[in-house]
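Heads up, the thing below is written out as structure tokens.
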Amino acid sequence: MRVFSIFSIALAATPVLSSSPGSQQPILAPASTLSQPSIGFGTWRLTNSQDNTTESVSFAIQTGYRQIDCAAVYGNEKAVGKGIADGLKKANITREQIWVTSKLWNDHHEDPALVEEALKQTLEDLGLDYLDLYLMHWPVGSEGGAKNHLDYVEVDSPPLKPIPFENPIPCIDSHTDEFSQTWRSMIALPQEKVLHVGISNFSPHQLRKIIGATGVKPFAHQMEVHPYLQQTAWLATHQALGIAVTAYSPLGNANPIYGDKGPRRC
Ligand SMILES: *[C@@H]1O[C@H](CO)[C@@H](O)[C@H](O)[C@H]1NC(C)=O
Ligand SMILES: *[C@@H]1O[C@H](CO)[C@@H](O)[C@H](O)[C@H]1NC(C)=O
């Protein structure tokens with residue numbers, strides 16, 4: 001039996017306002033005409049078994065998913081990549097007929113060479129020549145070796161304090177706007193390897209910072225959006241800016257804060 005977690009489905013809002021003033025063109029002219037499919041197959045937590053990860057991704061493509069959402073920090077891009085290859089073959093479609101998103105992890109921020117190295121690794125692991133969309137996973141960098149921590153800090157409401165963790169790891173201080181430099185490095189990535197670049201988990205302040213620093217808007221912003229976290233004002237801001245929003249955990253998150261509203265998983 002094939003098991004799909006409802007938590008690993010990413011749902012994407014297609015870019016809207018295509019005819020309104022100020023609507024966004026892709027930052028990097030896409031070499032392909034595929035637009036971001038409305039529904040995607042998420043690969044977070046597909047780590048129980050490499051074979052099952054491969055089979056799930058392959059089966060998703062065979063059943064009709066045309067967007068696969070990946071990230072370096074999920075630790076499964078090799079198995080996911082095998083699934084993509086298998087799914088394409090079995091569905092008898094080509095790479096250009098699917099949309100693949102991946103995400104830059106926090107330990108490869110700022111330096112353009114580091115950012116490009118992370119992209120190169122992801123492409124190698126996924127077995128692909130290019131990504132349709134590459135996102136900055138979090139608006140904060142960490143020092144090397146901190147792969148499994150979501151080491152973000154709050155920046156919007158002073159006083160600025162790191163969120164406490166049991167085993168704190170060194171973070172690049174988010175009082176700075178190091179993520180603007182990371183964004184600069186991302187928009188300079190080779191166009192033939194990433195068709196679009198975007199962000200994930202940014203606050204309004206952080207979004208303003210990167211646009212202010214570079215004049216370049218993200219193609220898409222992936223964030224948690226679902227019935228318990230609707231973020232309507234924030235979505236309206238994106239509509240006005242012409243930035244596509246991709247909802248993660250669209251059917252609800254495993255966060256214990258929702259514990260009495262759904263099954264607890266952590
Ligand atoms: C992998 O999937 C098979 C069924 O295809 C199942 O029996 C097995 O328990 C799964 N393995 C893991 C580690 O989840
Ligand atoms: C696979 O797709 C190609 C091109 O669309 C088509 O010509 C071919 O018949 C398909 N093969 C199978 C086994 O369906």
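Every chain in the structure tokens takes a letter, A first, then B, and so on in the order presented; its residues are numbered from 1, and the ligands are numbered from 1 following the presented order.
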
Counting only C-alpha atoms and all ligand atoms, which residues of chain A sit at most 9 Å from some atom of ligand 2, and what is each one's closest atom pair with its distance in Å to one decimal, listed by chain and rising residue number, as a tab-separated table?
```
residue	atom	partner	partner_atom_place_in_ligand_line	distance
A:Lys89	CA	ligand 2	1 (C)	8.9
A:Lys90	CA	ligand 2	13 (C)	8.6
A:Ala91	CA	ligand 2	14 (O)	8.1
A:Asn92	CA	ligand 2	1 (C)	4.8
A:Ile93	CA	ligand 2	2 (O)	6.6
A:Thr94	CA	ligand 2	2 (O)	8.9
```

Set the distance at 12 Å and use only C-alpha atoms: which residues neighbour Ala213 in chain A once local chain neighbours fewer than 3 positions away are removed? I'd like the list as a compact mmCIF listing (two decimals) with N, CA and C atoms, in the first residue's frame.
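Writing the result to result-v6.txt gives the following:
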```txt
# COMPACT_ATOMS: atom_id res chain seq x y z
N ASP A 177 20.71 42.41 7.71
CA ASP A 177 19.88 41.92 6.61
C ASP A 177 20.72 41.02 5.71
N GLU A 178 21.41 40.07 6.34
CA GLU A 178 22.24 39.16 5.54
C GLU A 178 21.41 38.46 4.47
N PHE A 179 20.11 38.30 4.76
CA PHE A 179 19.28 37.62 3.76
C PHE A 179 19.13 38.45 2.49
N SER A 180 19.37 39.79 2.59
CA SER A 180 19.35 40.61 1.36
C SER A 180 20.53 40.24 0.47
N GLN A 181 21.67 40.00 1.09
CA GLN A 181 22.83 39.56 0.30
C GLN A 181 22.57 38.18 -0.29
N THR A 182 21.93 37.32 0.50
CA THR A 182 21.59 35.99 -0.02
C THR A 182 20.66 36.12 -1.23
N TRP A 183 19.71 37.03 -1.11
CA TRP A 183 18.78 37.27 -2.22
C TRP A 183 19.53 37.78 -3.45
N ARG A 184 20.46 38.68 -3.22
CA ARG A 184 21.30 39.19 -4.31
C ARG A 184 22.02 38.03 -5.00
N GLN A 206 11.01 41.79 6.34
CA GLN A 206 12.08 41.11 5.59
C GLN A 206 11.82 41.18 4.08
N LEU A 207 10.56 41.06 3.69
CA LEU A 207 10.23 41.17 2.26
C LEU A 207 10.57 42.57 1.75
N ARG A 208 10.18 43.59 2.54
CA ARG A 208 10.51 44.97 2.15
C ARG A 208 12.02 45.15 2.00
N LYS A 209 12.76 44.55 2.93
CA LYS A 209 14.22 44.71 2.90
C LYS A 209 14.82 44.18 1.60
N ILE A 210 14.43 42.98 1.20
CA ILE A 210 15.10 42.42 0.00
C ILE A 210 14.68 43.16 -1.27
N VAL A 216 14.32 43.83 -6.84
CA VAL A 216 13.80 42.62 -7.49
C VAL A 216 12.84 41.89 -6.56
N LYS A 217 11.62 41.69 -7.04
CA LYS A 217 10.62 40.99 -6.24
C LYS A 217 10.77 39.48 -6.43
```

Which residue, A:Ile211, A:Leu46, A:Ala113, A:Val197, has the smallest gap to ligand 1 when you use only C-alpha atoms and all ligand atoms?
A:Leu46

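Compared by their closest atoms to His196 in chain A, and using only C-alpha atoms, the residues A:Met136, A:Leu241, A:Leu128, A:Val80 rank with A:Met136 nearest.
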
With distances taken over only C-alpha atoms, which of A:Thr237, A:Val225, A:Gly64, A:Thr54 is nearest to Ile39 in chain A?
A:Gly64

Give the answer as one residue: which of A:Trp234, A:Tyr74, A:Phe202, A:Phe59 has the shortest atom-to-atom distance to ligand 1, using only C-alpha atoms and all ligand atoms?
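Ranking A:Trp234, A:Tyr74, A:Phe202, A:Phe59 by distance to ligand 1, first place goes to A:Phe59.
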